[in-house]
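Asks: Input structure: model_1.txt, which contains compact mmCIF, C-alpha atoms and all ligand atoms.
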# COMPACT_ATOMS: atom_id res chain seq x y z
CA MET V 1 9.87 15.22 -28.93
CA LYS V 2 10.98 14.22 -25.40
CA PRO V 3 8.11 12.72 -23.33
CA THR V 4 7.10 14.66 -20.22
CA ASN V 5 7.42 13.15 -16.74
CA ARG V 6 3.67 12.66 -16.66
CA GLN V 7 3.71 10.82 -20.01
CA LEU V 8 6.52 8.55 -18.78
CA ARG V 9 4.56 7.76 -15.64
CA ARG V 10 1.43 7.07 -17.68
CA PHE V 11 3.47 4.63 -19.78
CA ALA V 12 4.80 2.89 -16.65
CA PHE V 13 1.22 2.80 -15.34
CA LEU V 14 -0.03 1.07 -18.50
CA ILE V 15 2.75 -1.50 -18.82
CA GLY V 16 2.67 -2.16 -15.08
CA GLY V 17 -0.89 -3.59 -15.37
CA THR V 18 -2.49 -4.35 -12.05
CA THR V 19 0.56 -3.43 -10.00
CA LYS V 20 0.04 0.29 -10.58
CA MET V 21 -2.90 2.12 -9.04
CA ARG V 22 -4.66 5.45 -9.34
CA ILE V 23 -5.61 6.85 -5.95
CA GLY V 24 -6.58 10.13 -4.32
CA PHE V 25 -4.36 11.68 -1.65
CA ILE V 26 -5.46 14.30 0.89
CA GLY V 27 -2.77 16.07 2.96
CA LEU V 28 0.57 17.05 1.47
CA GLY V 29 2.52 17.95 4.59
CA ARG V 30 5.95 16.60 5.60
CA MET V 31 4.70 13.02 5.35
CA GLY V 32 2.03 13.20 2.66
CA ALA V 33 4.10 15.02 0.03
CA ASN V 34 6.98 12.55 0.27
CA MET V 35 4.61 9.60 0.21
CA VAL V 36 3.05 10.94 -2.97
CA ARG V 37 6.54 11.45 -4.45
CA ARG V 38 7.46 7.85 -3.67
CA LEU V 39 4.24 6.57 -5.25
CA LEU V 40 4.76 8.71 -8.37
CA ARG V 41 8.30 7.39 -8.66
CA ASP V 42 6.91 3.87 -8.71
CA GLY V 43 4.49 4.63 -11.54
CA HIS V 44 1.25 5.10 -9.58
CA GLU V 45 -1.16 7.87 -10.55
CA ILE V 46 -2.04 10.28 -7.76
CA VAL V 47 -4.85 12.81 -7.64
CA ALA V 48 -3.72 15.18 -4.90
CA TYR V 49 -5.51 17.70 -2.68
CA ASN V 50 -4.24 19.87 0.17
CA ARG V 51 -6.04 22.51 2.23
CA SER V 52 -3.46 25.13 1.16
CA PRO V 53 -3.40 25.08 -2.65
CA GLU V 54 0.33 25.99 -2.89
CA LYS V 55 1.31 22.47 -1.78
CA THR V 56 -1.10 20.98 -4.33
CA GLN V 57 0.50 23.07 -7.09
CA GLU V 58 3.98 22.04 -5.97
CA ILE V 59 3.22 18.32 -6.13
CA ALA V 60 1.41 18.84 -9.45
CA SER V 61 4.67 20.18 -10.87
CA GLU V 62 6.17 16.82 -9.93
CA GLY V 63 3.55 14.77 -11.77
CA ALA V 64 0.47 14.45 -9.55
CA GLU V 65 -2.94 15.54 -10.84
CA PRO V 66 -4.04 18.55 -8.78
CA SER V 67 -7.48 19.01 -7.21
CA LEU V 68 -8.65 22.17 -5.51
CA SER V 69 -11.40 20.48 -3.54
CA ILE V 70 -12.33 17.08 -2.18
CA ALA V 71 -15.28 16.97 -4.59
CA GLU V 72 -12.94 17.54 -7.53
CA LEU V 73 -10.55 14.86 -6.24
CA VAL V 74 -13.32 12.26 -6.00
CA GLY V 75 -14.59 13.24 -9.45
CA LYS V 76 -11.17 12.48 -10.96
CA LEU V 77 -11.16 8.89 -9.68
CA ALA V 78 -12.92 5.90 -11.22
CA ARG V 79 -14.95 3.50 -9.06
CA PRO V 80 -14.05 1.71 -6.88
CA ARG V 81 -12.10 4.69 -5.56
CA THR V 82 -9.34 4.76 -2.96
CA VAL V 83 -8.53 7.95 -1.07
CA TRP V 84 -5.60 8.18 1.37
CA ILE V 85 -5.84 10.80 4.14
CA MET V 86 -2.58 12.10 5.69
CA VAL V 87 -3.52 14.98 8.00
CA PRO V 88 -3.33 15.42 11.79
CA ALA V 89 -5.32 12.80 13.71
CA GLY V 90 -8.55 13.72 15.47
CA ASP V 91 -10.76 16.56 14.27
CA ALA V 92 -8.78 17.29 11.08
CA THR V 93 -8.96 13.68 9.88
CA GLU V 94 -12.59 13.35 10.96
CA ALA V 95 -13.52 16.45 8.93
CA GLN V 96 -11.91 15.01 5.77
CA ILE V 97 -13.83 11.77 6.23
CA VAL V 98 -17.14 13.56 6.76
CA GLU V 99 -16.61 15.59 3.59
CA LEU V 100 -15.39 12.60 1.60
CA MET V 101 -18.47 10.61 2.59
CA GLU V 102 -20.62 13.23 0.82
CA HIS V 103 -19.04 12.08 -2.44
CA LEU V 104 -17.92 8.44 -2.06
CA GLU V 105 -20.09 5.47 -3.01
CA PRO V 106 -20.39 1.85 -1.88
CA GLY V 107 -17.26 -0.12 -2.77
CA ASP V 108 -14.92 2.86 -2.31
CA THR V 109 -12.14 2.80 0.32
CA ILE V 110 -10.72 5.36 2.71
CA VAL V 111 -7.18 4.84 4.06
CA ASP V 112 -6.25 6.84 7.17
CA GLY V 113 -2.46 7.11 7.40
CA GLY V 114 -2.31 9.65 10.25
CA ASN V 115 -1.49 8.76 13.84
CA THR V 116 -5.10 7.98 14.69
CA ASN V 117 -6.23 6.41 17.95
CA PHE V 118 -7.31 2.82 17.23
CA HIS V 119 -10.62 3.33 19.05
CA ASP V 120 -11.51 5.91 16.36
CA ASP V 121 -10.63 3.34 13.67
CA VAL V 122 -12.94 0.74 15.12
CA ARG V 123 -15.80 3.27 15.31
CA ARG V 124 -15.20 4.63 11.80
CA HIS V 125 -14.85 1.19 10.26
CA ALA V 126 -18.29 0.27 11.62
CA GLU V 127 -19.89 3.60 10.62
CA LEU V 128 -18.51 3.48 7.08
CA ALA V 129 -19.31 -0.22 6.66
CA GLY V 130 -22.96 0.70 7.26
CA ARG V 131 -22.72 2.85 4.12
CA GLY V 132 -20.78 0.30 2.07
CA VAL V 133 -17.46 2.19 2.23
CA GLN V 134 -14.36 0.32 3.36
CA TYR V 135 -11.97 1.76 5.93
CA VAL V 136 -8.29 0.85 6.27
CA ASP V 137 -6.00 2.15 9.03
CA ALA V 138 -2.35 2.50 8.13
CA GLY V 139 0.27 3.27 10.77
CA VAL V 140 3.20 4.93 9.02
CA SER V 141 6.74 5.36 10.33
CA GLY V 142 9.74 6.83 8.58
CA GLY V 143 9.42 10.57 9.08
CA ILE V 144 11.15 12.87 6.65
CA TRP V 145 13.59 10.11 5.65
CA GLY V 146 10.81 7.92 4.27
CA LEU V 147 11.10 9.20 0.71
CA GLU V 148 14.53 7.67 0.29
CA VAL V 149 14.48 4.84 2.84
CA GLY V 150 10.82 3.84 2.49
CA PHE V 151 7.95 4.11 4.97
CA CYS V 152 7.35 1.29 7.45
CA LEU V 153 3.65 0.42 7.20
CA MET V 154 1.45 -1.31 9.76
CA VAL V 155 -1.99 -1.83 8.27
CA GLY V 156 -5.33 -2.83 9.79
CA GLY V 157 -8.58 -3.67 8.05
CA GLU V 158 -10.70 -6.35 6.45
CA PRO V 159 -8.59 -8.55 4.14
CA ALA V 160 -10.95 -7.73 1.24
CA ALA V 161 -10.24 -4.01 1.71
CA VAL V 162 -6.49 -4.33 2.34
CA ALA V 163 -5.43 -6.83 -0.34
CA PRO V 164 -6.31 -4.69 -3.40
CA LEU V 165 -4.19 -1.84 -1.99
CA GLU V 166 -1.02 -3.89 -1.59
CA PRO V 167 0.65 -2.44 -4.73
CA VAL V 168 0.49 0.98 -3.05
CA PHE V 169 1.64 -0.33 0.34
CA ARG V 170 4.54 -2.18 -1.28
CA SER V 171 5.63 0.92 -3.20
CA LEU V 172 5.62 3.04 -0.04
CA ALA V 173 7.45 0.52 2.15
CA PRO V 174 11.00 -0.76 1.84
CA GLU V 175 11.44 -4.52 1.30
CA GLY V 176 9.90 -6.27 4.34
CA GLY V 177 8.49 -3.00 5.71
CA TYR V 178 4.79 -3.68 5.18
CA ILE V 179 2.55 -5.81 7.36
CA HIS V 180 -1.19 -6.39 7.36
CA ALA V 181 -1.31 -6.55 11.14
CA GLY V 182 -4.95 -7.59 11.57
CA ALA V 183 -8.56 -6.45 11.90
CA PRO V 184 -9.71 -2.80 11.73
CA GLY V 185 -7.69 -0.71 14.20
CA ALA V 186 -4.82 -3.22 14.39
CA GLY V 187 -2.58 -1.10 12.17
CA HIS V 188 -2.81 1.97 14.37
CA TYR V 189 -2.69 -0.21 17.50
CA VAL V 190 0.69 -1.61 16.41
CA LYS V 191 1.87 1.90 15.45
CA MET V 192 0.83 3.19 18.90
CA ILE V 193 2.95 0.56 20.66
CA HIS V 194 5.79 1.24 18.17
CA ASN V 195 5.75 4.89 19.24
CA GLY V 196 5.52 3.96 22.92
CA ILE V 197 8.68 1.87 22.51
CA GLU V 198 10.27 4.84 20.73
CA TYR V 199 9.56 7.00 23.82
CA GLY V 200 11.35 4.47 26.06
CA MET V 201 14.34 4.04 23.74
CA MET V 202 14.78 7.79 23.33
CA GLN V 203 14.63 8.29 27.10
CA ALA V 204 17.31 5.65 27.69
CA TYR V 205 19.64 7.27 25.14
CA ALA V 206 18.91 10.71 26.64
CA GLU V 207 19.84 9.54 30.15
CA GLY V 208 22.93 7.61 29.08
CA PHE V 209 24.29 10.48 27.02
CA GLU V 210 23.56 12.99 29.81
CA ILE V 211 25.74 10.91 32.15
CA LEU V 212 28.47 10.70 29.49
CA HIS V 213 28.21 14.48 28.99
CA ALA V 214 28.59 15.07 32.76
CA SER V 215 31.32 12.46 33.23
CA GLY V 216 34.35 14.69 33.55
CA TYR V 217 36.05 12.78 30.72
CA ALA V 218 36.46 14.82 27.52
CA LEU V 219 34.28 12.41 25.59
CA ASP V 220 33.44 12.86 21.92
CA LEU V 221 29.75 11.95 22.00
CA ALA V 222 29.31 11.86 18.22
CA ALA V 223 32.22 9.43 18.01
CA ILE V 224 30.71 7.27 20.76
CA ALA V 225 27.32 7.20 19.00
CA ASP V 226 29.15 6.21 15.82
CA ASN V 227 31.21 3.59 17.68
CA TRP V 228 28.02 2.00 19.05
CA MET V 229 26.62 1.81 15.53
CA HIS V 230 29.28 -0.79 14.73
CA GLY V 231 28.52 -4.16 16.26
CA SER V 232 27.02 -2.93 19.55
CA VAL V 233 23.77 -4.35 20.91
CA VAL V 234 22.38 -0.82 21.40
CA ARG V 235 22.84 0.26 17.78
CA SER V 236 19.70 1.68 16.19
CA TRP V 237 18.47 4.29 13.76
CA LEU V 238 17.68 6.60 16.69
CA LEU V 239 21.31 6.35 17.76
CA GLU V 240 22.44 7.09 14.21
CA LEU V 241 20.20 10.19 14.23
CA LEU V 242 21.69 11.27 17.56
CA GLY V 243 25.16 11.02 16.02
CA LEU V 244 23.98 13.19 13.13
CA ALA V 245 22.47 15.73 15.55
CA TYR V 246 25.77 15.95 17.46
CA LYS V 247 27.72 16.38 14.23
CA GLY V 248 25.37 19.07 12.95
CA GLN V 249 24.64 20.95 16.17
CA GLY V 250 27.57 20.32 18.50
CA GLN V 251 27.43 18.00 21.50
CA ASP V 252 26.46 20.66 24.06
CA LEU V 253 23.17 21.35 22.21
CA GLU V 254 23.36 24.84 23.76
CA HIS V 255 20.94 26.41 21.31
CA LEU V 256 18.13 23.97 22.23
CA LYS V 257 15.75 24.25 25.15
CA GLY V 258 15.03 20.96 26.90
CA TRP V 259 11.34 21.19 25.99
CA VAL V 260 9.78 18.04 24.56
CA ALA V 261 6.29 17.71 23.12
CA ASP V 262 4.25 14.52 23.02
CA SER V 263 1.81 13.82 20.25
CA GLY V 264 -0.61 11.39 21.84
CA GLU V 265 0.69 7.93 21.03
CA GLY V 266 2.77 7.70 24.23
CA ARG V 267 -0.29 8.61 26.31
CA TRP V 268 -2.43 6.07 24.49
CA THR V 269 0.20 3.37 25.01
CA VAL V 270 0.28 4.08 28.75
CA GLN V 271 -3.55 4.18 28.87
CA GLU V 272 -3.73 0.84 27.06
CA ALA V 273 -1.22 -0.66 29.52
CA ILE V 274 -3.43 0.56 32.39
CA ASP V 275 -6.62 -0.74 30.74
CA ARG V 276 -5.02 -4.18 30.32
CA ASP V 277 -3.17 -4.29 33.68
CA VAL V 278 0.18 -4.49 31.92
CA PRO V 279 3.15 -2.96 33.74
CA ALA V 280 4.92 -0.47 31.45
CA PRO V 281 7.13 1.57 33.80
CA VAL V 282 9.76 2.66 31.26
CA ILE V 283 7.32 4.04 28.71
CA THR V 284 5.28 5.70 31.48
CA ILE V 285 8.33 7.43 32.96
CA ALA V 286 9.48 8.49 29.49
CA LEU V 287 6.10 10.13 28.88
CA GLN V 288 6.07 11.84 32.27
CA THR V 289 9.62 13.09 31.75
CA ARG V 290 8.32 14.95 28.71
CA PHE V 291 5.60 16.55 30.88
CA ARG V 292 8.31 17.70 33.31
CA SER V 293 10.40 19.07 30.44
CA ARG V 294 7.62 21.52 29.64
CA GLN V 295 7.39 23.01 33.15
CA GLU V 296 9.49 26.10 33.88
CA ASP V 297 9.52 25.01 37.52
CA SER V 298 7.95 22.07 39.33
CA TYR V 299 5.15 22.69 41.80
CA GLY V 300 5.69 19.13 43.08
CA ALA V 301 9.34 19.92 43.80
CA LYS V 302 8.26 23.07 45.66
CA VAL V 303 6.01 20.87 47.85
CA LEU V 304 8.99 18.56 48.54
CA ALA V 305 11.19 21.53 49.46
CA ALA V 306 8.47 23.01 51.74
CA LEU V 307 7.93 19.69 53.53
CA ARG V 308 11.65 19.07 54.14
CA ASN V 309 11.92 22.60 55.46
CA GLU V 310 8.94 22.07 57.80
CA PHE V 311 9.97 18.77 59.31
CA GLY V 312 13.74 19.12 59.36
CA GLY V 313 14.53 22.79 58.86
CA HIS V 314 16.37 21.78 55.69
CA ALA V 315 17.62 24.52 53.39
CA VAL V 316 15.42 25.86 50.59
CA LYS V 317 16.12 28.22 47.73
CA ASN V 318 13.72 31.13 47.27
CA VAL V 319 12.79 32.55 43.85
N1 LIG V 401 6.01 13.72 10.85
C1 LIG V 401 6.19 12.44 11.16
O1 LIG V 401 7.32 12.00 11.43
C2 LIG V 401 5.03 11.47 11.16
C3 LIG V 401 5.30 10.10 11.19
C4 LIG V 401 4.24 9.20 11.12
C5 LIG V 401 2.94 9.65 11.06
N2 LIG V 401 2.70 11.00 11.06
C6 LIG V 401 1.29 11.43 10.97
O2 LIG V 401 1.03 11.82 9.65
C7 LIG V 401 0.03 12.83 9.64
C8 LIG V 401 0.57 14.04 8.90
O3 LIG V 401 1.76 14.45 9.55
P1 LIG V 401 2.79 15.47 8.90
O4 LIG V 401 4.04 15.33 9.68
O5 LIG V 401 2.81 15.32 7.43
O6 LIG V 401 2.08 16.84 9.30
P2 LIG V 401 2.33 18.31 8.69
O7 LIG V 401 3.63 18.40 8.00
O8 LIG V 401 2.03 19.25 9.79
O9 LIG V 401 1.20 18.43 7.57
C9 LIG V 401 -0.15 18.37 7.92
C10 LIG V 401 -0.98 18.35 6.66
O10 LIG V 401 -2.34 18.26 7.04
C11 LIG V 401 -3.05 19.42 6.57
N3 LIG V 401 -3.98 19.85 7.60
C12 LIG V 401 -3.69 20.23 8.87
N4 LIG V 401 -4.81 20.55 9.53
C13 LIG V 401 -5.82 20.39 8.65
C14 LIG V 401 -7.21 20.59 8.73
N5 LIG V 401 -7.79 20.98 9.89
N6 LIG V 401 -7.96 20.35 7.63
C15 LIG V 401 -7.37 19.95 6.49
N7 LIG V 401 -6.05 19.74 6.33
C16 LIG V 401 -5.29 19.96 7.41
C17 LIG V 401 -1.99 20.46 6.33
O11 LIG V 401 -2.50 21.37 5.36
P3 LIG V 401 -1.92 22.86 5.22
O12 LIG V 401 -0.77 22.75 4.26
O13 LIG V 401 -3.07 23.64 4.68
O14 LIG V 401 -1.50 23.31 6.59
C18 LIG V 401 -0.83 19.61 5.83
O15 LIG V 401 -0.96 19.25 4.49
C19 LIG V 401 -0.32 13.12 11.10
O16 LIG V 401 -1.43 12.37 11.48
C20 LIG V 401 0.93 12.63 11.83
O17 LIG V 401 0.67 12.27 13.17
C21 LIG V 401 3.71 11.92 11.09
Please express the file's structure as C-alpha cells.
Ligand SMILES: NC(=O)c1ccc[n+]([C@@H]2O[C@H](COP(=O)([O-])OP(=O)(O)OC[C@H]3O[C@@H](n4cnc5c(N)ncnc54)[C@H](OP(=O)(O)O)[C@@H]3O)[C@@H](O)[C@H]2O)c1
Replies:
Amino acid sequence: MKPTNRQLRRFAFLIGGTTKMRIGFIGLGRMGANMVRRLLRDGHEIVAYNRSPEKTQEIASEGAEPSLSIAELVGKLARPRTVWIMVPAGDATEAQIVELMEHLEPGDTIVDGGNTNFHDDVRRHAELAGRGVQYVDAGVSGGIWGLEVGFCLMVGGEPAAVAPLEPVFRSLAPEGGYIHAGAPGAGHYVKMIHNGIEYGMMQAYAEGFEILHASGYALDLAAIADNWMHGSVVRSWLLELLGLAYKGQGQDLEHLKGWVADSGEGRWTVQEAIDRDVPAPVITIALQTRFRSRQEDSYGAKVLAALRNEFGGHAVKNV
C-alpha cells in the first residue's frame, strides 16, 4: 500500500532526529499558509489553527494536523511547546497571546511572526518572562513568493529561546536568509527598518519610471526594467517585480488608481528616526507621498492656490 503524505512526513520527522520539530501555528493567511507548507515540505510537524476553519481544513488536506481552537492546538503539542502566531499586528496578535497564555506553561515559547512594533515585543517579552514563557519576535519578509524562494527571517529574543527553534527558522529561510539579530525586539526592529528602506526604494523607482513614462520617447518600460536587471547597480527584486507588473498589466497601468496604503512600519521607521535625531528624508517623503496618494484633492494645495491668488492675483482653478 502506498504511504500517505502524512506517513511520509512522519518518517522524515523520525529519521531527521533533532532537526525536525513539531510546533503549533496560528494564522493561515497569505503568509501563514505558505510558511506552514514550507515547513511541512521540510518534514516538520505542524498543528494548525485559523480563525476561519476553512483555511484550517485546507492546510490539513496538505498534511498539517488541524485544530479548531487554541486550546485544542496547545493540547496537541508536547512540552516544551512552541506556537508561532502569524496574524495582523496589534490587537489581533495580542488577543492570540492572551488566549494562548491561558493554556501555555513555563518553558513554552511563543513566536510572533507578524509585523509587530518592537516596543510591543519588549513589553510582551517582559510580561511573559514573569510567567516563565519565552517570547521570540520574528520579522518575516518574502510575501507570497516565500513558499518557493524562502522567507527572509530577522529574529530577536534570548539566545536560550531562539537557538532551539533554529531548525524551523532554517527551513523557512533560504540559504543565508536567517539572522538572530539580537535581544527581544531586535528582530522586528530590523524588519521595521527593512520596510522603511523598501518605502524609499519603491518611491525612487516610482519617480524614475514616471519620468520615463512622460519622456516623449516611445520607451518600453518592461524592457528597461529587464535591462537594468542585467549588470546595473539599481537591479533589485523590486525592479524585477515592476517588470513583471508591466508585462502582466501593461505599462500605462490604466486600470489602477494611484492609491497607496501604508501598514505601519514606514511610520514607525520615521518615528524612530525622530526619536533618535537621525535624518531620514527619503523614507519620510516616501511615507508622506503615500498619504497624499490617498487624498482626492489636497487641502494644502488649495491653501497655496488661495495665497498666490491673494498676494499676486495669480490664476486659480475652481471646482
Ligand atoms: N503579506 C505580506 O507580504 C507580509 C510580509 C511580511 C509580514 N507580514 C505580516 O504577517 C502577518 C500576516 O499577514 P498576511 O499577509 O498573512 O495576512 P492575511 O492574508 O490578511 O491573513 C491574516 C490571517 O490572520 C487571521 N486574523 C485576522 N484577524 C484576526 C483576528 N482578529 N483574530 C484571529 N485571527 C485573525 C486571518 O484569519 P481569517 O482567515 O479568519 O480572516 C488570517 O488567517 C501580518 O502581521 C503581516 O503584517 C505580511
Asks: What's the 10 Å shell around Thr56 in chain V, counting all atoms listed in the file, without same-chain residues fewer than 3 positions away, as a PyMOL selection string?
Replies: chain V and resi 26-28+33+47-53+59-61+64-68
Asks: With distances taken over only C-alpha atoms, which residue among V:Met192, V:Gly216, V:Glu296, V:Gly43 lies nearest Lys257 in chain V?
Replies: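 That would be V:Glu296, the residue with the smallest distance to Lys257 in chain V.
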Asks: Smallest atom-to-atom distance to Leu147 in chain V: which of V:Asp42, V:Glu310, V:Glu254, V:Asp121, using all atoms listed in the file?
Replies: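 That would be V:Asp42, the residue with the smallest distance to Leu147 in chain V.
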Asks: Nearest to Phe209 in chain V: which of V:Glu127, V:Asp275, V:Asp252, V:Glu166 is it, counting all atoms listed in the file?
Replies: V:Asp252
Asks: Counting only C-alpha atoms and all ligand atoms, name the residues that have an atom within 6 Å of an atom of ligand LIG 401 (chain V); the answer should be given as a list in words.
Replies: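 Written in the requested form, the residues are Gly27, Leu28, Gly29, Arg30, Met31, Gly32, Asn50, Arg51, Ser52, Met86, Val87, Pro88, Ala89, Ala92, Gly114, Asn115, Val140, Ser141 and Gly143 of chain V.
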Asks: What lies within 6 Å of Ala138 in chain V using all atoms listed in the file, ignoring chain neighbours under 3 positions off, as a list in words?
Replies: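 Final neighbour list, sorted by chain and number: Asp112, Gly113, Met154, Val155 and Gly187 of chain V.
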Asks: For CA of Leu239 in chain V and CA of Gly200 in chain V, quote the distance in Å rounded to one decimal.
Replies: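 Result for CA of Leu239 in chain V versus CA of Gly200 in chain V: 13.1 Å, one decimal.
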Asks: Just the residues within 7 Å of Gly156 in chain V, please, counting all atoms listed in the file, with nothing from its chain fewer than 2 positions along; format it as a PyMOL selection string.
Replies: chain V and resi 136-138+154+180-187
Asks: Using C-alpha atoms, can you write the selected residues to a file as a PDB file, in the frame of the given file?
Replies:
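Output contents, as saved in again_12.pdb:
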ATOM      1  CA  VAL V 136      -8.290   0.850   6.270  1.00  0.00           C
ATOM      2  CA  ASP V 137      -6.000   2.150   9.030  1.00  0.00           C
ATOM      3  CA  ALA V 138      -2.350   2.500   8.130  1.00  0.00           C
ATOM      4  CA  MET V 154       1.450  -1.310   9.760  1.00  0.00           C
ATOM      5  CA  HIS V 180      -1.190  -6.390   7.360  1.00  0.00           C
ATOM      6  CA  ALA V 181      -1.310  -6.550  11.140  1.00  0.00           C
ATOM      7  CA  GLY V 182      -4.950  -7.590  11.570  1.00  0.00           C
ATOM      8  CA  ALA V 183      -8.560  -6.450  11.900  1.00  0.00           C
ATOM      9  CA  PRO V 184      -9.710  -2.800  11.730  1.00  0.00           C
ATOM     10  CA  GLY V 185      -7.690  -0.710  14.200  1.00  0.00           C
ATOM     11  CA  ALA V 186      -4.820  -3.220  14.390  1.00  0.00           C
ATOM     12  CA  GLY V 187      -2.580  -1.100  12.170  1.00  0.00           C
TER      13      GLY V 187
END
Asks: As an exercise, work out the distance from CA of Val278 in chain V to CA of Gly264 in chain V in Å and give it to one decimal place.
Replies: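 Atom-to-atom, CA of Val278 in chain V to CA of Gly264 in chain V, that is 18.8 Å.
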Asks: Tell me, as an MDAnalysis selection string, which residues lie within 12 Å of range 204-206 of chain V, counting only C-alpha atoms; anything in the same chain fewer than 2 positions away does not count.
Replies: chainID V and resid 197:202 208:213 221 224:225 228 234:243 258 260 282:283 285:286 289:290
Asks: Rounded to one decimal place, report the CA of Gly150 in chain V-CA of Pro167 in chain V distance in Å.
Replies: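 We find that CA of Gly150 in chain V and CA of Pro167 in chain V lie 14.0 Å from each other.
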Asks: Determine, counting only C-alpha atoms, which protein, DNA and RNA residues have an atom within 10 Å of an atom of Pro106 in chain V; residues of the same chain fewer than 2 positions away are not included. Present the result as a PyMOL selection string.
Replies: chain V and resi 79-81+104+108-109+128-134
Asks: Which is closer to Val122 in chain V than all the others in V:Gln203, V:Tyr135, V:Ala78, V:Gln96, using only C-alpha atoms?
Replies: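 Smallest separation from Val122 in chain V among the options: V:Tyr135.
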Asks: Taking into account all atoms listed in the file, which residue in the set V:Leu219, V:Gly231, V:Thr82, V:Gly177 is nearest to Ala161 in chain V?
Replies: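 Once distances to Ala161 in chain V are computed over all atoms listed in the file, the minimum belongs to V:Thr82.
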Asks: Could range 257-270 of chain V be completed with N, CA and C atoms and written as a tab-separated table (two decimals), in the coordinates of the input, please?
Replies:
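Output saved as part06.tsv:
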chain	number	residue	atom	x	y	z
V	257	LYS	N	16.34	24.30	23.81
V	257	LYS	CA	15.75	24.25	25.15
V	257	LYS	C	15.31	22.80	25.38
V	258	GLY	N	15.43	22.35	26.61
V	258	GLY	CA	15.03	20.96	26.90
V	258	GLY	C	13.52	20.84	27.05
V	259	TRP	N	12.81	21.16	26.01
V	259	TRP	CA	11.34	21.19	25.99
V	259	TRP	C	10.88	20.15	24.98
V	260	VAL	N	10.11	19.16	25.44
V	260	VAL	CA	9.78	18.04	24.56
V	260	VAL	C	8.27	17.84	24.50
V	261	ALA	N	7.73	17.91	23.30
V	261	ALA	CA	6.29	17.71	23.12
V	261	ALA	C	5.96	16.22	23.15
V	262	ASP	N	4.69	15.91	23.28
V	262	ASP	CA	4.25	14.52	23.02
V	262	ASP	C	3.00	14.62	22.18
V	263	SER	N	2.86	13.65	21.25
V	263	SER	CA	1.81	13.82	20.25
V	263	SER	C	0.63	12.87	20.44
V	264	GLY	N	0.58	12.19	21.58
V	264	GLY	CA	-0.61	11.39	21.84
V	264	GLY	C	-0.34	9.89	21.94
V	265	GLU	N	0.54	9.39	21.08
V	265	GLU	CA	0.69	7.93	21.03
V	265	GLU	C	1.30	7.36	22.31
V	266	GLY	N	2.19	8.14	22.95
V	266	GLY	CA	2.77	7.70	24.23
V	266	GLY	C	1.68	7.61	25.29
V	267	ARG	N	0.82	8.62	25.34
V	267	ARG	CA	-0.29	8.61	26.31
V	267	ARG	C	-1.21	7.42	26.08
V	268	TRP	N	-1.51	7.18	24.79
V	268	TRP	CA	-2.43	6.07	24.49
V	268	TRP	C	-1.80	4.73	24.85
V	269	THR	N	-0.48	4.62	24.65
V	269	THR	CA	0.20	3.37	25.01
V	269	THR	C	0.09	3.14	26.52
V	270	VAL	N	0.34	4.21	27.29
V	270	VAL	CA	0.28	4.08	28.75
V	270	VAL	C	-1.16	3.76	29.18
